[in-house]
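A.B. asks: Next up, input_28.cif (mmCIF, C-alpha atoms).
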data_work
loop_
_atom_site.label_atom_id
_atom_site.label_comp_id
_atom_site.auth_asym_id
_atom_site.auth_seq_id
_atom_site.Cartn_x
_atom_site.Cartn_y
_atom_site.Cartn_z
CA MET O 1 -86.27 -123.62 12.75
CA LYS O 2 -83.04 -122.09 11.44
CA ILE O 3 -80.27 -121.25 13.85
CA LYS O 4 -77.34 -119.16 12.73
CA LEU O 5 -74.50 -120.00 15.10
CA GLU O 6 -72.09 -117.06 15.27
CA LEU O 7 -68.51 -118.16 15.92
CA TYR O 8 -66.04 -116.44 18.23
CA GLY O 9 -62.47 -117.10 19.33
CA ALA O 10 -61.18 -120.62 18.73
CA SER O 11 -64.57 -121.73 17.39
CA ARG O 12 -63.82 -119.66 14.28
CA GLU O 13 -61.75 -122.68 13.21
CA PHE O 14 -65.05 -124.50 12.55
CA SER O 15 -65.80 -122.41 9.44
CA ASP O 16 -64.15 -119.60 7.51
CA LYS O 17 -67.56 -117.95 7.06
CA GLY O 18 -67.72 -116.87 10.72
CA HIS O 19 -70.93 -118.80 11.32
CA LEU O 20 -72.63 -122.20 10.99
CA GLU O 21 -76.27 -122.93 10.24
CA PHE O 22 -78.38 -125.63 11.87
CA ASN O 23 -81.96 -126.77 11.39
CA LEU O 24 -83.50 -127.60 14.75
CA LYS O 25 -87.00 -128.51 15.90
CA VAL O 26 -89.02 -125.71 17.52
CA GLN O 27 -88.50 -125.71 21.32
CA SER O 28 -85.06 -127.26 20.99
CA SER O 29 -82.77 -126.40 23.87
CA ILE O 30 -79.22 -125.10 23.98
CA SER O 31 -78.26 -128.62 25.01
CA ASP O 32 -79.77 -129.92 21.72
CA LEU O 33 -77.85 -127.26 19.79
CA ARG O 34 -74.62 -128.26 21.56
CA ASN O 35 -75.24 -131.88 20.50
CA GLU O 36 -75.82 -130.80 16.88
CA ILE O 37 -72.50 -128.94 16.90
CA LEU O 38 -70.77 -132.06 18.23
CA VAL O 39 -72.33 -134.08 15.38
CA PHE O 40 -71.04 -131.42 12.96
CA ILE O 41 -67.52 -131.81 14.43
CA ASP O 42 -67.74 -135.60 14.06
CA LYS O 43 -68.77 -135.28 10.41
CA ASN O 44 -66.50 -132.48 9.29
CA PHE O 45 -63.44 -132.75 11.52
CA LYS O 46 -63.30 -136.50 12.20
CA GLY O 47 -64.39 -135.95 15.79
CA ASN O 48 -61.46 -133.60 16.54
CA VAL O 49 -61.09 -134.00 20.33
CA ASN O 50 -59.93 -130.43 20.95
CA PHE O 51 -62.86 -129.00 18.98
CA LYS O 52 -65.30 -131.19 20.93
CA LYS O 53 -63.77 -130.10 24.25
CA LEU O 54 -64.13 -126.51 23.12
CA VAL O 55 -67.85 -126.99 22.37
CA GLU O 56 -68.39 -128.75 25.69
CA SER O 57 -66.73 -125.93 27.64
CA SER O 58 -68.49 -123.10 25.76
CA LYS O 59 -71.42 -120.93 26.85
CA PHE O 60 -74.06 -119.64 24.47
CA CYS O 61 -75.47 -116.16 23.95
CA SER O 62 -78.99 -115.35 22.74
CA GLU O 63 -79.88 -112.76 20.11
CA GLU O 64 -80.79 -110.45 23.03
CA ASN O 65 -77.17 -110.70 24.23
CA ASN O 66 -77.91 -112.77 27.32
CA ILE O 67 -75.88 -115.79 28.36
CA VAL O 68 -78.33 -118.69 28.29
CA ASN O 69 -78.02 -122.06 30.03
CA ASP O 70 -78.43 -125.54 28.56
CA SER O 71 -82.16 -125.75 29.36
CA TYR O 72 -82.99 -122.50 27.49
CA LYS O 73 -85.61 -123.20 24.79
CA ILE O 74 -85.13 -121.74 21.34
CA THR O 75 -88.58 -120.91 19.97
CA ARG O 76 -87.87 -119.15 16.67
CA ASP O 77 -85.27 -118.64 13.96
CA GLN O 78 -82.45 -116.71 15.58
CA LYS O 79 -78.77 -116.01 15.88
CA ILE O 80 -76.98 -117.72 18.76
CA GLY O 81 -73.38 -116.93 19.66
CA ILE O 82 -71.00 -119.61 20.86
CA ILE O 83 -68.81 -118.22 23.64
CA PRO O 84 -65.67 -120.33 24.09
CA PRO O 85 -63.50 -119.91 27.20
CA ILE O 86 -62.40 -116.28 27.24
CA GLY O 87 -58.99 -114.63 27.13
CA GLY O 88 -60.30 -111.48 28.83
CA GLY O 89 -58.40 -108.83 26.90
CA MET N 1 -69.23 -90.85 33.87
CA LEU N 2 -68.32 -93.72 31.59
CA HIS N 3 -67.17 -94.16 28.00
CA THR N 4 -66.82 -97.63 26.47
CA LYS N 5 -66.05 -98.80 22.97
CA VAL N 6 -64.68 -101.73 20.99
CA ILE N 7 -62.30 -100.36 18.36
CA ASP N 8 -62.10 -102.27 15.09
CA VAL N 9 -58.48 -101.58 14.13
CA SER N 10 -59.20 -102.12 10.45
CA LYS N 11 -61.36 -98.95 10.60
CA GLU N 12 -59.91 -96.72 13.33
CA LYS N 13 -57.09 -96.35 15.84
CA ILE N 14 -57.15 -96.58 19.62
CA ASP N 15 -56.04 -93.20 20.93
CA LEU N 16 -54.74 -92.22 24.37
CA ALA N 17 -55.40 -88.53 23.66
CA LYS N 18 -59.12 -89.33 23.39
CA ALA N 19 -59.00 -90.94 26.84
CA GLN N 20 -57.23 -87.91 28.30
CA LYS N 21 -59.82 -85.55 26.80
CA PHE N 22 -62.69 -87.63 28.20
CA ILE N 23 -61.49 -87.92 31.80
CA THR N 24 -60.00 -84.45 32.31
CA SER N 25 -61.97 -82.53 34.95
CA SER N 26 -61.17 -79.85 37.52
CA LYS N 27 -63.07 -81.97 40.08
CA CYS N 28 -60.42 -84.73 39.83
CA GLY N 29 -56.93 -84.49 41.26
CA ALA N 30 -55.67 -87.88 40.05
CA SER N 31 -55.68 -89.63 36.69
CA ILE N 32 -54.46 -93.16 36.00
CA TYR N 33 -53.88 -94.54 32.50
CA PHE N 34 -53.59 -98.29 32.09
CA VAL N 35 -52.37 -99.24 28.62
CA GLY N 36 -52.14 -102.90 27.64
CA THR N 37 -49.72 -103.74 24.82
CA VAL N 38 -48.63 -106.83 22.90
CA ARG N 39 -45.51 -108.33 24.48
CA ASP N 40 -42.82 -110.28 22.62
CA GLN N 41 -42.93 -113.65 24.43
CA ASN N 42 -45.45 -116.15 25.75
CA ASP N 43 -44.79 -119.75 26.79
CA ASN N 44 -41.20 -119.45 25.51
CA LYS N 45 -42.38 -118.56 21.99
CA LYS N 46 -41.56 -115.33 20.20
CA VAL N 47 -44.77 -113.44 19.58
CA THR N 48 -45.03 -111.11 16.57
CA GLY N 49 -48.65 -110.00 17.02
CA ILE N 50 -52.10 -110.87 18.34
CA THR N 51 -55.49 -111.08 16.67
CA TYR N 52 -58.22 -110.08 19.12
CA ASP N 53 -61.78 -111.30 18.64
CA SER N 54 -64.72 -109.80 20.49
CA HIS N 55 -68.44 -110.30 21.02
CA ASP N 56 -68.94 -106.53 20.90
CA ALA N 57 -72.37 -106.31 22.59
CA LEU N 58 -71.33 -108.58 25.47
CA VAL N 59 -68.04 -106.74 25.85
CA ILE N 60 -69.80 -103.39 26.24
CA LYS N 61 -72.34 -104.97 28.61
CA SER N 62 -69.51 -106.39 30.71
CA PHE N 63 -67.65 -103.03 30.83
CA GLU N 64 -70.85 -101.31 32.01
CA GLU N 65 -71.52 -103.98 34.66
CA ILE N 66 -67.96 -103.78 35.97
CA TYR N 67 -68.15 -99.98 36.17
CA LYS N 68 -71.48 -100.10 38.06
CA GLU N 69 -70.11 -102.71 40.46
CA ALA N 70 -67.03 -100.61 41.12
CA GLU N 71 -69.21 -97.55 41.76
CA THR N 72 -71.26 -99.53 44.30
CA LYS N 73 -68.20 -101.10 45.89
CA PHE N 74 -66.06 -97.96 46.30
CA LYS N 75 -68.74 -95.23 46.50
CA PHE N 76 -66.34 -92.58 45.12
CA LYS N 77 -67.84 -89.33 43.84
CA ASN N 78 -67.04 -87.54 40.55
CA ILE N 79 -65.34 -90.40 38.73
CA ALA N 80 -64.62 -90.48 35.02
CA VAL N 81 -63.79 -93.79 33.35
CA PHE N 82 -62.77 -94.44 29.76
CA ILE N 83 -62.48 -98.06 28.54
CA GLU N 84 -61.63 -99.00 24.97
CA HIS N 85 -60.47 -102.40 23.70
CA ILE N 86 -59.41 -103.22 20.19
CA LYS N 87 -60.45 -106.08 17.92
CA GLY N 88 -58.48 -107.28 14.92
CA TYR N 89 -54.73 -107.73 14.40
CA VAL N 90 -52.18 -105.73 16.36
CA ALA N 91 -48.42 -106.02 16.09
CA LEU N 92 -45.78 -106.26 18.81
CA GLY N 93 -45.84 -103.21 21.12
CA ASP N 94 -49.19 -101.97 19.85
CA THR N 95 -51.98 -101.04 22.25
CA SER N 96 -54.82 -103.48 22.89
CA ILE N 97 -56.65 -101.75 25.74
CA ILE N 98 -56.84 -98.34 27.41
CA ILE N 99 -58.43 -97.86 30.82
CA ALA N 100 -58.32 -94.25 31.98
CA VAL N 101 -59.68 -93.33 35.39
CA ALA N 102 -59.95 -89.92 37.02
CA CYS N 103 -60.91 -89.53 40.69
CA LYS N 104 -60.60 -86.92 43.42
CA HIS N 105 -57.58 -88.66 45.03
CA ARG N 106 -54.81 -90.94 43.72
CA ALA N 107 -55.59 -93.91 46.00
CA GLN N 108 -59.14 -93.98 44.61
CA ALA N 109 -57.92 -93.84 41.01
CA TYR N 110 -55.47 -96.73 41.56
CA GLU N 111 -58.15 -98.85 43.26
CA PHE N 112 -60.82 -98.20 40.66
CA SER N 113 -58.48 -98.81 37.72
CA ARG N 114 -57.11 -102.05 39.22
CA TYR N 115 -60.61 -103.37 39.87
CA ILE N 116 -61.68 -102.72 36.28
CA ILE N 117 -58.73 -104.45 34.59
CA GLU N 118 -58.82 -107.47 36.92
CA GLU N 119 -62.55 -107.98 36.29
CA ILE N 120 -62.14 -107.55 32.51
CA LYS N 121 -59.49 -110.28 32.56
CA LYS N 122 -61.87 -112.62 34.38
CA ARG N 123 -65.08 -112.14 32.48
CA THR N 124 -65.04 -110.03 29.33
CA PRO N 125 -65.66 -112.07 26.15
CA ILE N 126 -62.49 -111.25 24.25
CA TRP N 127 -60.29 -113.91 22.65
CA LYS N 128 -56.64 -113.82 21.63
CA LYS N 129 -54.90 -115.57 18.77
CA GLU N 130 -51.14 -115.26 19.08
CA HIS N 131 -48.92 -115.15 16.00
CA TYR N 132 -45.36 -116.43 16.32
CA GLU N 133 -42.02 -115.75 14.65
CA ASP N 134 -42.02 -119.23 13.06
CA GLY N 135 -45.27 -118.45 11.22
CA ASP N 136 -47.42 -120.55 13.53
CA SER N 137 -50.45 -119.11 15.34
CA LYS N 138 -52.69 -120.30 18.17
CA TRP N 139 -55.89 -119.29 19.96
CA LEU N 140 -55.09 -119.01 23.66
CA LYS N 141 -56.92 -121.40 25.95
CA GLY N 142 -58.76 -118.98 28.27
CA ASN N 143 -61.26 -119.66 31.06
CA PRO N 144 -64.94 -120.58 30.79
CA LEU N 145 -67.18 -117.52 31.01
CA ILE N 146 -68.96 -117.13 34.35
CA ASP N 147 -72.51 -115.83 34.00
CA GLN N 148 -72.61 -112.97 36.53
CA ASN N 149 -76.39 -113.37 36.97
CA GLN N 150 -75.80 -116.88 38.33
CA LEU N 151 -73.41 -115.46 40.92
CA LYS N 152 -76.05 -113.04 42.29
#
For the file at hand, write its structure as structure tokens.
C.D. replies:
Amino acid sequence: MKIKLELYGASREFSDKGHLEFNLKVQSSISDLRNEILVFIDKNFKGNVNFKKLVESSKFCSEENNIVNDSYKITRDQKIGIIPPIGGG
Amino acid sequence: MLHTKVIDVSKEKIDLAKAQKFITSSKCGASIYFVGTVRDQNDNKKVTGITYDSHDALVIKSFEEIYKEAETKFKFKNIAVFIEHIKGYVALGDTSIIIAVACKHRAQAYEFSRYIIEEIKKRTPIWKKEHYEDGDSKWLKGNPLIDQNQLK
């Protein structure tokens, strides 16, 4: 299952393409996705502590534009947005 | 009556005249315009501009939710509200947000406008990257988003 993770705010520092792609098992949860992003940070940014804190404090948004919690199951290929702590305009 | 939009500044300009045109009504005796602009200092650093990032769909959803909540809370009749926020780079002094509110009386307009901007600050998914005089830039820390459905 392919997940296109759309990056916003400080998470844009993770890639200059504006998104990351992950292959996850069907029925993976947001918690699993969060762990995959942390693995990505370990591999590509030497475990950058600030980036990991950012991932840990972020929410996620489904393709239907709903904020979803860590137990939310992803059942198909889709876009997920990472929502870091907000500045609020 | 509500108008909301995220303005991509690389394609169009945010325009106070548009807000005035939208909220003007003979039913309203008071209009309030809140205009947010980029200021020159933050944390003792000289700011030259800000890049705003936005999850457009969630931003619009949040504007609509805030408006509906304010309607329920205040129960004012014949209100017109115009909310636009920019995304992209804006320089010092440039406008980042316009909230225009027209109501029957001035006290209502002040209350409604204040409620909207305070709620946007708390929960609208917009991010700011400040650019400084020394060439450095930094995403501001912000606060974790609160899912409003979990608060209900």
A.B. asks: Mind listing as a PyMOL selection string which residues of chain N are within 12 Å of chain O, counting only C-alpha atoms?
C.D. replies: chain N and resi 6+35-38+50-63+83-88+95-99+116-130+137-150
A.B. asks: Rounded to one decimal in Å, what is the spacing between CA of Phe112 (chain N) and CA of Ala80 (chain N)?
C.D. replies: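 Going from CA of Phe112 (chain N) over to CA of Ala80 (chain N) covers 10.3 Å.
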A.B. asks: Run the PyMOL selection byres ((chain N and resi 40) around 12) mentally over the shown coordinates, then write out the matched residues as a list of chain:residue names, using the chain letters and numbers from the document.
C.D. replies: N:Thr37, N:Val38, N:Arg39, N:Gln41, N:Asn42, N:Asp43, N:Asn44, N:Lys45, N:Lys46, N:Val47, N:Thr48, N:Gly49, N:Ile50, N:Ala91, N:Leu92, N:Gly93, N:Asp94, N:Glu130, N:His131, N:Tyr132, N:Glu133
A.B. asks: Got time to write the residues from that selection, C-alpha atoms, as an mmCIF file, in the coordinates of the input?
C.D. replies:
data_model
loop_
_atom_site.group_PDB
_atom_site.id
_atom_site.type_symbol
_atom_site.label_atom_id
_atom_site.label_comp_id
_atom_site.auth_asym_id
_atom_site.auth_seq_id
_atom_site.Cartn_x
_atom_site.Cartn_y
_atom_site.Cartn_z
ATOM 1 C CA THR N 37 -49.720 -103.740 24.820
ATOM 2 C CA VAL N 38 -48.630 -106.830 22.900
ATOM 3 C CA ARG N 39 -45.510 -108.330 24.480
ATOM 4 C CA GLN N 41 -42.930 -113.650 24.430
ATOM 5 C CA ASN N 42 -45.450 -116.150 25.750
ATOM 6 C CA ASP N 43 -44.790 -119.750 26.790
ATOM 7 C CA ASN N 44 -41.200 -119.450 25.510
ATOM 8 C CA LYS N 45 -42.380 -118.560 21.990
ATOM 9 C CA LYS N 46 -41.560 -115.330 20.200
ATOM 10 C CA VAL N 47 -44.770 -113.440 19.580
ATOM 11 C CA THR N 48 -45.030 -111.110 16.570
ATOM 12 C CA GLY N 49 -48.650 -110.000 17.020
ATOM 13 C CA ILE N 50 -52.100 -110.870 18.340
ATOM 14 C CA ALA N 91 -48.420 -106.020 16.090
ATOM 15 C CA LEU N 92 -45.780 -106.260 18.810
ATOM 16 C CA GLY N 93 -45.840 -103.210 21.120
ATOM 17 C CA ASP N 94 -49.190 -101.970 19.850
ATOM 18 C CA GLU N 130 -51.140 -115.260 19.080
ATOM 19 C CA HIS N 131 -48.920 -115.150 16.000
ATOM 20 C CA TYR N 132 -45.360 -116.430 16.320
ATOM 21 C CA GLU N 133 -42.020 -115.750 14.650
#
A.B. asks: Any chance you could work out the residue set of the PyMOL selection byres ((chain O and resi 40) around 12) here, as a list in words?
C.D. replies: Phe14, Ser15, Leu20, Glu21, Phe22, Asn23, Leu33, Arg34, Asn35, Glu36, Ile37, Leu38, Val39, Ile41, Asp42, Lys43, Asn44, Phe45, Lys46, Gly47, Asn48, Phe51, Lys52 and Val55 of chain O
A.B. asks: Just the number, please: distance in Å from CA of Glu63 (chain O) to CA of Asp77 (chain O), one decimal.
C.D. replies: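 Between these atoms lies a distance of 10.1 Å.
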